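*Asks:* Right, I'll just put the structure down here and ask away after.
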Amino acid sequence: MDERLEQVLERARRSPFYSRRLPTGASWESVAITTKEDLRNQYPFGLLAVDRSKIVSYHESSGTKGRPTSSYFTSADWEDIAIRFLRNAVGLSSKDTFFIKTPYSMVTTAHQAHRAAEIIGALIVPGDNRSSNMPYSRVVQVLRDLRISVSWSLPTEVLIWAIAARECGIDPERDFPNLRAFWVAGELLSPGKRTALSSLWGGKAIFEDYGSTETGSLAGEMPCGHVHPWSDRLLFEVLLSGGEIAQAGRGRLLVTPYFREAMPLVRYLVDDEVEISSSPCGFPTIKVFGRASEKIQIAGRSFFPLEIEDAVYQTGRELGLVFWKGQFNSDSLEIHYFATQGGSLSDGIERRLEIPVKTRRLPLSRFIDAALLREPLRFSKPQFLFPQEGMNHERSNYTIG
């Protein structure tokens with residue numbers, strides 16, 4: 001067995017969960033898969049493998065499907081994650097002003113970016129996400145007035161910022177000369193949508209990162225244009241459709257971090273369907289299709305949502321398509337969309353997907369309230385003292401947020 005894997009198993013056995021699961025002397029081939037459900041069942045500290053005093057931060061998944069999963073990290077764990085993150089072709093440096101527009105709450109995404117930027121010496125602008133203190137009008141203001149050079153966000157946020165800029169009378173193609181790159185993660189990005197993002201901003205670069213709350217950055221985009229898994233820091237395996245586990249091929253992703261201290265993970269099933277293949281770049285390449293559970297059937301054909309998204313944006317490129325949403329049944333697909341120019345998408349999407357498709361162009365208001373794109377700051381601090389004139393103090397409440 002690889003010496004790194006022996007060390008992984010040794011550290012893992014220090015946790016309550018793996019101490020029962022990993023007998024001494026077991027071969028790597030006999031090691032069982034760790035699932036998301038295992039993590040939920042061990043909430044909150046069943047996978048803790050160090051003294052609690054060594055943990056520097058605790059995090060949780062969103063818990064949208066029930067009990068959340070926990071993640072905790074030592075300082076060394078965070079250094080490992082930050083170094084992986086910085087390998088991306090974005091080339092973040094001390095010359096950059098870095099706008100972080102992902103949640104600072106219990107998930108890890110903003111903390112990963114923040115720590116990486118501190119290491120490299122970039123100027124950090126902690127924007128957070130879904131915060132009343134950072135409406136879209138303020139995002140546009142920050143991007144322009146602070147001369148942001150790199151942002152970190154969901155891909156869809158980048159679309160919304162462009163539309164918000166236009167609603168505020170600002171040209172996203174011309175009025176942000178310092179902005180050089182959008183660094184995105186958190187949702188899969190099809191080639192068609194990627195082109196749309198760049199086009200809305202006058203051709204600015206888009207760079208992808210791929211990871212999870214439990215692991216941090218797993219893969220990043222290199223200068224060659226491919227997304228590479230960091231195979232020197234984690235073991236990547238693929239659970240094939242027949243149940244075999246391989247180092248390459250198409251199937252569900254398994255990851256084992258080599259150097260994780262606080263919460264070792266052994267053959268953790270990320271559950272995305274991926275394809276891993278060799279490359280001449282020094283790292284393998286990874287293509288991510290989406291959650292295995294999200295695959296759908298329409299008119300006898302199977303699709304991941306990413307494939308439908310790509311067909312929509314590729315077809316709608318000439319129309320300036322910005323937003324879309326769809327609904328499907330066993331026989332057909334219906335797409336609603338907002339585009340800056342008129343025209344039909346039905347025939348083009350049908351040709352790409354080879355299924356019956358109906359499309360309908362809708363106004364922007366059917367996707368997002370334009371007032372939300374222009375509204376000023378709403379956040380307020382608690383207020384306890386009010387002017388007497390015109391105020392009924394018996395009926396007034398504390399004003400908090």
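So you can find residues: chains in the structure tokens are A, B, ... in the order shown, residues in each start at 1, and ligands are numbered from 1 in order.
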Just the residues within 8 Å of Val90 of chain A, please, counting only C-alpha atoms, with nothing from its chain fewer than 5 positions along; format it as a PyMOL selection string.
*Replies:* chain A and resi 181+183+207
*Asks:* Take the residues that were just selected and, keeping C-alpha atoms, output them as a PDB file, in the first residue's frame.
*Replies:*
```pdb
ATOM      1  CA  ALA A 181     -11.200  37.712 -14.073  1.00  0.00           C
ATOM      2  CA  TRP A 183     -13.332  33.022 -10.373  1.00  0.00           C
ATOM      3  CA  PHE A 207     -11.938  30.492 -14.302  1.00  0.00           C
TER       4      PHE A 207
END
```
*Asks:* Mind checking which residues fall within 10 Å of segment 270-280 of chain A, counting only C-alpha atoms, ignoring those fewer than 6 positions away in the same chain, and posting them as an NGL selection string?
*Replies:* :A and (34-36 or 211-212 or 214-215 or 226 or 228-229 or 236-240 or 246-255 or 286-295 or 304)
*Asks:* Can those selected residues be exported to a file as a compact mmCIF listing (two decimals), in the first residue's frame so that it contains N, CA, C and O atoms?
*Replies:*
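Contents of part16.txt, as written:
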```txt
# COMPACT_ATOMS: atom_id res chain seq x y z
N THR A 34 -17.04 5.83 2.19
CA THR A 34 -17.67 6.72 3.16
C THR A 34 -18.69 7.58 2.42
O THR A 34 -18.36 8.26 1.44
N THR A 35 -19.93 7.57 2.88
CA THR A 35 -21.01 8.29 2.19
C THR A 35 -21.41 9.57 2.93
O THR A 35 -21.04 9.77 4.09
N LYS A 36 -22.17 10.38 2.25
CA LYS A 36 -22.73 11.58 2.88
C LYS A 36 -23.60 11.21 4.07
O LYS A 36 -23.60 11.89 5.10
N GLY A 211 -14.97 21.83 -5.95
CA GLY A 211 -14.71 21.30 -4.62
C GLY A 211 -15.99 21.04 -3.87
O GLY A 211 -17.07 20.99 -4.45
N SER A 212 -15.87 20.89 -2.55
CA SER A 212 -17.03 20.65 -1.71
C SER A 212 -16.77 21.21 -0.32
O SER A 212 -15.62 21.49 0.04
N GLU A 214 -16.94 19.64 2.41
CA GLU A 214 -16.21 18.67 3.22
C GLU A 214 -14.72 18.62 2.89
O GLU A 214 -13.90 18.26 3.73
N THR A 215 -14.35 19.00 1.65
CA THR A 215 -12.97 18.81 1.21
C THR A 215 -12.23 20.09 0.85
O THR A 215 -11.01 20.08 0.76
N HIS A 226 -7.93 23.21 -19.17
CA HIS A 226 -8.59 22.05 -18.58
C HIS A 226 -8.67 22.20 -17.06
O HIS A 226 -7.87 22.91 -16.44
N HIS A 228 -8.08 20.42 -13.64
CA HIS A 228 -7.23 19.32 -13.17
C HIS A 228 -7.47 19.04 -11.69
O HIS A 228 -7.45 19.97 -10.87
N PRO A 229 -7.68 17.78 -11.32
CA PRO A 229 -7.76 17.41 -9.90
C PRO A 229 -6.36 17.41 -9.30
O PRO A 229 -5.39 17.02 -9.96
N PHE A 236 -7.82 10.39 -6.06
CA PHE A 236 -9.08 10.42 -6.79
C PHE A 236 -9.34 9.03 -7.37
O PHE A 236 -8.47 8.47 -8.05
N GLU A 237 -10.55 8.52 -7.12
CA GLU A 237 -10.95 7.24 -7.67
C GLU A 237 -12.35 7.40 -8.26
O GLU A 237 -13.07 8.35 -7.95
N VAL A 238 -12.71 6.44 -9.10
CA VAL A 238 -14.01 6.47 -9.76
C VAL A 238 -14.74 5.17 -9.47
O VAL A 238 -14.20 4.08 -9.68
N LEU A 239 -15.96 5.31 -8.93
CA LEU A 239 -16.83 4.15 -8.72
C LEU A 239 -17.59 3.90 -10.02
O LEU A 239 -18.49 4.67 -10.38
N LEU A 240 -17.20 2.86 -10.73
CA LEU A 240 -17.78 2.57 -12.03
C LEU A 240 -19.19 2.00 -11.89
O LEU A 240 -19.61 1.59 -10.81
N ALA A 246 -11.88 2.34 -9.88
CA ALA A 246 -10.74 2.51 -10.79
C ALA A 246 -10.09 3.87 -10.58
O ALA A 246 -10.67 4.77 -9.95
N GLN A 247 -8.89 4.04 -11.11
CA GLN A 247 -8.17 5.30 -11.01
C GLN A 247 -8.62 6.30 -12.08
O GLN A 247 -8.36 7.49 -11.95
N ALA A 248 -9.26 5.80 -13.13
CA ALA A 248 -9.71 6.67 -14.22
C ALA A 248 -10.98 6.07 -14.82
O ALA A 248 -11.36 4.95 -14.52
N GLY A 249 -11.62 6.86 -15.68
CA GLY A 249 -12.85 6.42 -16.30
C GLY A 249 -14.02 7.29 -15.88
O GLY A 249 -13.85 8.33 -15.23
N ARG A 250 -15.23 6.86 -16.24
CA ARG A 250 -16.44 7.64 -15.92
C ARG A 250 -17.26 6.91 -14.87
O ARG A 250 -17.54 5.72 -15.00
N GLY A 251 -17.64 7.64 -13.84
CA GLY A 251 -18.43 7.07 -12.75
C GLY A 251 -18.57 8.09 -11.64
O GLY A 251 -18.39 9.30 -11.86
N ARG A 252 -18.88 7.65 -10.44
CA ARG A 252 -19.09 8.54 -9.30
C ARG A 252 -17.76 8.76 -8.58
O ARG A 252 -16.99 7.83 -8.36
N LEU A 253 -17.52 10.00 -8.19
CA LEU A 253 -16.22 10.40 -7.67
C LEU A 253 -16.02 9.98 -6.22
O LEU A 253 -16.88 10.22 -5.36
N LEU A 254 -14.84 9.40 -5.94
CA LEU A 254 -14.39 9.10 -4.59
C LEU A 254 -13.10 9.89 -4.34
O LEU A 254 -12.22 9.92 -5.20
N VAL A 255 -13.00 10.53 -3.17
CA VAL A 255 -11.78 11.27 -2.85
C VAL A 255 -11.27 10.89 -1.47
O VAL A 255 -12.06 10.64 -0.55
N ILE A 286 -10.32 16.32 -15.18
CA ILE A 286 -11.60 15.87 -14.65
C ILE A 286 -12.71 16.66 -15.34
O ILE A 286 -12.62 17.88 -15.51
N LYS A 287 -13.74 15.95 -15.77
CA LYS A 287 -14.94 16.55 -16.31
C LYS A 287 -16.09 16.17 -15.40
O LYS A 287 -16.29 14.98 -15.12
N VAL A 288 -16.83 17.15 -14.93
CA VAL A 288 -17.92 16.91 -13.98
C VAL A 288 -19.25 17.09 -14.68
O VAL A 288 -19.51 18.13 -15.30
N PHE A 289 -20.12 16.09 -14.59
CA PHE A 289 -21.41 16.12 -15.28
C PHE A 289 -22.55 16.53 -14.35
O PHE A 289 -23.56 17.06 -14.80
N GLY A 290 -22.42 16.28 -13.05
CA GLY A 290 -23.47 16.63 -12.11
C GLY A 290 -23.76 15.48 -11.16
O GLY A 290 -23.17 14.39 -11.28
N ARG A 291 -24.66 15.72 -10.20
CA ARG A 291 -25.05 14.69 -9.26
C ARG A 291 -25.70 13.53 -10.01
O ARG A 291 -26.56 13.74 -10.88
N ALA A 292 -25.30 12.32 -9.64
CA ALA A 292 -25.89 11.15 -10.28
C ALA A 292 -27.40 11.13 -10.12
O ALA A 292 -28.13 10.69 -11.01
N SER A 293 -27.89 11.64 -8.98
CA SER A 293 -29.33 11.62 -8.69
C SER A 293 -30.11 12.64 -9.51
O SER A 293 -31.34 12.61 -9.55
N GLU A 294 -29.41 13.58 -10.18
CA GLU A 294 -30.08 14.65 -10.91
C GLU A 294 -30.29 14.32 -12.39
O GLU A 294 -30.86 15.12 -13.13
N LYS A 295 -29.86 13.17 -12.83
CA LYS A 295 -30.03 12.79 -14.22
C LYS A 295 -31.51 12.57 -14.52
O LYS A 295 -32.23 11.99 -13.71
N PHE A 304 -28.13 15.19 -18.08
CA PHE A 304 -27.83 15.97 -16.89
C PHE A 304 -28.30 17.40 -17.15
O PHE A 304 -28.26 17.87 -18.30
```
*Asks:* How many Å separate atom CA of Gly127 of chain A from atom CA of Arg366 of chain A?
*Replies:*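 One can read the atom CA of Gly127 of chain A to atom CA of Arg366 of chain A distance as 26.5 Å.
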*Asks:* Please identify all polymer residues within 9 Å of Tyr58 of chain A, counting only C-alpha atoms, omitting same-chain residues fewer than 5 positions from it, and present them as a list in words.
*Replies:* Ser70, Ser71, Tyr72, Phe73 and Met106 of chain A
*Asks:* For the residues selected in the previous step, produce a file with N, CA, C and O atoms as a JSON list (two decimals), in the first residue's frame.
*Replies:*
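Below is the file that was written, out.json:
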```json
[["chain", "number", "residue", "atom", "x", "y", "z"],
["A", 70, "SER", "N", -20.88, 17.93, 9.06],
["A", 70, "SER", "CA", -19.90, 18.78, 9.71],
["A", 70, "SER", "C", -18.55, 18.69, 9.01],
["A", 70, "SER", "O", -18.21, 17.66, 8.41],
["A", 71, "SER", "N", -17.79, 19.75, 9.09],
["A", 71, "SER", "CA", -16.40, 19.77, 8.64],
["A", 71, "SER", "C", -15.60, 20.62, 9.60],
["A", 71, "SER", "O", -16.08, 21.69, 10.02],
["A", 72, "TYR", "N", -14.42, 20.17, 9.96],
["A", 72, "TYR", "CA", -13.56, 20.93, 10.87],
["A", 72, "TYR", "C", -12.12, 20.79, 10.42],
["A", 72, "TYR", "O", -11.73, 19.79, 9.80],
["A", 73, "PHE", "N", -11.34, 21.83, 10.74],
["A", 73, "PHE", "CA", -10.01, 21.95, 10.16],
["A", 73, "PHE", "C", -9.00, 22.46, 11.19],
["A", 73, "PHE", "O", -9.32, 23.33, 12.01],
["A", 106, "MET", "N", -21.69, 29.11, 7.57],
["A", 106, "MET", "CA", -21.15, 27.84, 8.03],
["A", 106, "MET", "C", -20.42, 27.06, 6.94],
["A", 106, "MET", "O", -19.64, 26.16, 7.24]]
```
*Asks:* Got a sec: who's within 12 Å of Glu318 of chain A, counting only C-alpha atoms, leaving out chain neighbours fewer than 4 positions off, as a PyMOL selection string?
*Replies:* chain A and resi 192+195-196+199+312-314+322+339-345+348
*Asks:* I need the chosen residues saved as a PDB file, in the first residue's frame, with N, CA and C atoms.
*Replies:*
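Okay, part13.pdb is ready:
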```
ATOM      1  N   GLY A 192     -21.590  26.786 -22.869  1.00  0.00           N
ATOM      2  CA  GLY A 192     -22.459  27.824 -23.393  1.00  0.00           C
ATOM      3  C   GLY A 192     -22.684  28.962 -22.422  1.00  0.00           C
ATOM      4  N   THR A 195     -19.545  31.147 -22.047  1.00  0.00           N
ATOM      5  CA  THR A 195     -19.415  32.116 -23.128  1.00  0.00           C
ATOM      6  C   THR A 195     -20.335  33.313 -22.902  1.00  0.00           C
ATOM      7  N   ALA A 196     -21.553  33.045 -22.421  1.00  0.00           N
ATOM      8  CA  ALA A 196     -22.500  34.126 -22.151  1.00  0.00           C
ATOM      9  C   ALA A 196     -21.982  35.050 -21.053  1.00  0.00           C
ATOM     10  N   SER A 199     -19.195  37.199 -22.471  1.00  0.00           N
ATOM     11  CA  SER A 199     -19.701  38.155 -23.446  1.00  0.00           C
ATOM     12  C   SER A 199     -20.370  39.345 -22.775  1.00  0.00           C
ATOM     13  N   VAL A 312     -29.197  25.339 -24.325  1.00  0.00           N
ATOM     14  CA  VAL A 312     -29.957  26.593 -24.268  1.00  0.00           C
ATOM     15  C   VAL A 312     -29.050  27.785 -24.560  1.00  0.00           C
ATOM     16  N   TYR A 313     -27.894  27.840 -23.884  1.00  0.00           N
ATOM     17  CA  TYR A 313     -27.008  28.993 -24.078  1.00  0.00           C
ATOM     18  C   TYR A 313     -26.322  28.979 -25.441  1.00  0.00           C
ATOM     19  N   GLN A 314     -25.961  27.795 -25.921  1.00  0.00           N
ATOM     20  CA  GLN A 314     -25.339  27.740 -27.245  1.00  0.00           C
ATOM     21  C   GLN A 314     -26.311  28.218 -28.310  1.00  0.00           C
ATOM     22  N   VAL A 322     -29.750  35.552 -21.407  1.00  0.00           N
ATOM     23  CA  VAL A 322     -29.176  35.787 -20.086  1.00  0.00           C
ATOM     24  C   VAL A 322     -29.665  34.736 -19.087  1.00  0.00           C
ATOM     25  N   ALA A 339     -33.867  37.162 -23.002  1.00  0.00           N
ATOM     26  CA  ALA A 339     -32.753  37.521 -23.880  1.00  0.00           C
ATOM     27  C   ALA A 339     -32.881  38.980 -24.260  1.00  0.00           C
ATOM     28  N   THR A 340     -31.771  39.591 -24.590  1.00  0.00           N
ATOM     29  CA  THR A 340     -31.784  41.017 -24.926  1.00  0.00           C
ATOM     30  C   THR A 340     -32.322  41.285 -26.325  1.00  0.00           C
ATOM     31  N   GLN A 341     -32.432  40.229 -27.154  1.00  0.00           N
ATOM     32  CA  GLN A 341     -32.964  40.381 -28.504  1.00  0.00           C
ATOM     33  C   GLN A 341     -34.036  39.321 -28.749  1.00  0.00           C
ATOM     34  N   GLY A 342     -34.921  39.591 -29.701  1.00  0.00           N
ATOM     35  CA  GLY A 342     -35.993  38.662 -30.023  1.00  0.00           C
ATOM     36  C   GLY A 342     -35.528  37.523 -30.907  1.00  0.00           C
ATOM     37  N   GLY A 343     -36.351  36.479 -30.970  1.00  0.00           N
ATOM     38  CA  GLY A 343     -36.030  35.320 -31.791  1.00  0.00           C
ATOM     39  C   GLY A 343     -36.463  34.045 -31.113  1.00  0.00           C
ATOM     40  N   SER A 344     -36.514  32.960 -31.858  1.00  0.00           N
ATOM     41  CA  SER A 344     -36.964  31.675 -31.322  1.00  0.00           C
ATOM     42  C   SER A 344     -35.789  30.739 -31.089  1.00  0.00           C
ATOM     43  N   LEU A 345     -35.913  29.925 -30.042  1.00  0.00           N
ATOM     44  CA  LEU A 345     -34.869  28.963 -29.709  1.00  0.00           C
ATOM     45  C   LEU A 345     -35.290  27.520 -29.958  1.00  0.00           C
ATOM     46  N   GLY A 348     -33.455  25.201 -32.633  1.00  0.00           N
ATOM     47  CA  GLY A 348     -32.040  24.994 -32.335  1.00  0.00           C
ATOM     48  C   GLY A 348     -31.811  24.056 -31.171  1.00  0.00           C
TER      49      GLY A 348
END
```
*Asks:* Could you check the closest approach to Ile81 of chain A for each of A:Pro126, A:Gly220, A:Pro177, A:Gly326 and tell me which residue wins, using only C-alpha atoms?
*Replies:*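 Answer, going by the shortest atom-to-atom distance: A:Gly220.
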*Asks:* Which of segment 248-400 of chain A end up as alpha helix (DSSP H) when DSSP is run on this backbone - answer as a list in words?
*Replies:*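 Written out, the alpha helix (DSSP H) residues of segment 248-400 of chain A are Pro305, Leu306, Glu307, Ile308, Glu309, Asp310, Ala311, Val312, Tyr313, Gln314, Thr315, Ser346, Asp347, Gly348, Ile349, Glu350, Arg351, Arg352, Leu353, Ala370, Ala371, Leu372, Leu373 and Arg374 of chain A.
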*Asks:* Just write the chosen residues, N, CA, C and O atoms, as a short mmCIF file (atom, residue, chain, number, x, y, z; two decimals), in the first residue's frame.
*Replies:*
```cif
data_model
loop_
_atom_site.label_atom_id
_atom_site.label_comp_id
_atom_site.auth_asym_id
_atom_site.auth_seq_id
_atom_site.Cartn_x
_atom_site.Cartn_y
_atom_site.Cartn_z
N PRO A 305 -28.73 18.12 -16.12
CA PRO A 305 -29.13 19.51 -16.33
C PRO A 305 -28.08 20.34 -17.04
O PRO A 305 -28.41 21.26 -17.81
N LEU A 306 -26.80 20.03 -16.81
CA LEU A 306 -25.72 20.77 -17.45
C LEU A 306 -25.80 20.68 -18.97
O LEU A 306 -25.52 21.65 -19.68
N GLU A 307 -26.20 19.53 -19.50
CA GLU A 307 -26.31 19.35 -20.94
C GLU A 307 -27.43 20.20 -21.52
O GLU A 307 -27.31 20.77 -22.62
N ILE A 308 -28.53 20.30 -20.79
CA ILE A 308 -29.65 21.13 -21.26
C ILE A 308 -29.26 22.59 -21.19
O ILE A 308 -29.52 23.36 -22.13
N GLU A 309 -28.60 22.99 -20.10
CA GLU A 309 -28.14 24.38 -19.99
C GLU A 309 -27.23 24.76 -21.15
O GLU A 309 -27.34 25.83 -21.74
N ASP A 310 -26.32 23.88 -21.50
CA ASP A 310 -25.39 24.17 -22.58
C ASP A 310 -26.13 24.35 -23.91
O ASP A 310 -25.83 25.28 -24.68
N ALA A 311 -27.10 23.48 -24.17
CA ALA A 311 -27.87 23.59 -25.41
C ALA A 311 -28.64 24.91 -25.46
O ALA A 311 -28.72 25.56 -26.52
N VAL A 312 -29.20 25.34 -24.32
CA VAL A 312 -29.96 26.59 -24.27
C VAL A 312 -29.05 27.78 -24.56
O VAL A 312 -29.36 28.65 -25.39
N TYR A 313 -27.89 27.84 -23.88
CA TYR A 313 -27.01 28.99 -24.08
C TYR A 313 -26.32 28.98 -25.44
O TYR A 313 -26.11 30.04 -26.04
N GLN A 314 -25.96 27.79 -25.92
CA GLN A 314 -25.34 27.74 -27.24
C GLN A 314 -26.31 28.22 -28.31
O GLN A 314 -25.94 28.98 -29.22
N THR A 315 -27.57 27.78 -28.20
CA THR A 315 -28.58 28.19 -29.17
C THR A 315 -28.91 29.67 -29.04
O THR A 315 -29.15 30.37 -30.03
N SER A 346 -36.57 27.28 -30.19
CA SER A 346 -37.09 25.91 -30.19
C SER A 346 -36.35 24.99 -31.14
O SER A 346 -35.88 23.91 -30.76
N ASP A 347 -36.24 25.40 -32.41
CA ASP A 347 -35.64 24.52 -33.41
C ASP A 347 -34.19 24.19 -33.08
O ASP A 347 -33.75 23.05 -33.20
N GLY A 348 -33.46 25.20 -32.63
CA GLY A 348 -32.04 24.99 -32.33
C GLY A 348 -31.81 24.06 -31.17
O GLY A 348 -30.93 23.19 -31.21
N ILE A 349 -32.60 24.21 -30.11
CA ILE A 349 -32.45 23.33 -28.95
C ILE A 349 -32.88 21.91 -29.31
O ILE A 349 -32.26 20.93 -28.88
N GLU A 350 -33.95 21.80 -30.09
CA GLU A 350 -34.40 20.47 -30.53
C GLU A 350 -33.31 19.74 -31.31
O GLU A 350 -33.08 18.55 -31.12
N ARG A 351 -32.62 20.46 -32.17
CA ARG A 351 -31.55 19.83 -32.96
C ARG A 351 -30.41 19.37 -32.07
O ARG A 351 -29.83 18.30 -32.30
N ARG A 352 -30.11 20.15 -31.06
CA ARG A 352 -28.99 19.79 -30.18
C ARG A 352 -29.34 18.62 -29.26
O ARG A 352 -28.50 17.76 -29.00
N LEU A 353 -30.55 18.62 -28.73
CA LEU A 353 -30.93 17.61 -27.74
C LEU A 353 -31.67 16.42 -28.35
O LEU A 353 -31.78 15.37 -27.72
N ALA A 370 -36.53 43.65 -11.06
CA ALA A 370 -35.57 44.69 -11.41
C ALA A 370 -35.31 45.65 -10.26
O ALA A 370 -34.22 46.22 -10.14
N ALA A 371 -36.31 45.81 -9.38
CA ALA A 371 -36.11 46.68 -8.22
C ALA A 371 -35.01 46.16 -7.32
O ALA A 371 -34.28 46.93 -6.67
N LEU A 372 -34.85 44.82 -7.25
CA LEU A 372 -33.79 44.24 -6.44
C LEU A 372 -32.41 44.56 -7.00
O LEU A 372 -31.41 44.54 -6.27
N LEU A 373 -32.35 44.84 -8.29
CA LEU A 373 -31.08 45.16 -8.91
C LEU A 373 -30.67 46.60 -8.68
O LEU A 373 -29.49 46.95 -8.77
N ARG A 374 -31.65 47.47 -8.39
CA ARG A 374 -31.37 48.90 -8.24
C ARG A 374 -31.48 49.40 -6.81
O ARG A 374 -31.03 50.50 -6.50
#
```
*Asks:* Within 12 Å of Phe338 of chain A, counting only C-alpha atoms, which residues qualify if same-chain residues fewer than 4 places away don't, as a list in words?
*Replies:*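 With the cut-off at 12 Å, the set is Leu159, Ile163, Val312, Tyr313, Gly316, Arg317, Leu319, Gly320, Leu321, Val322, Phe323, Trp324, Lys325, Gly342, Gly343, Ser344, Leu345, Thr359, Arg360, Arg361, Leu362, Pro363, Leu364, Ser365, Arg366, Phe367 and Ile368 of chain A.
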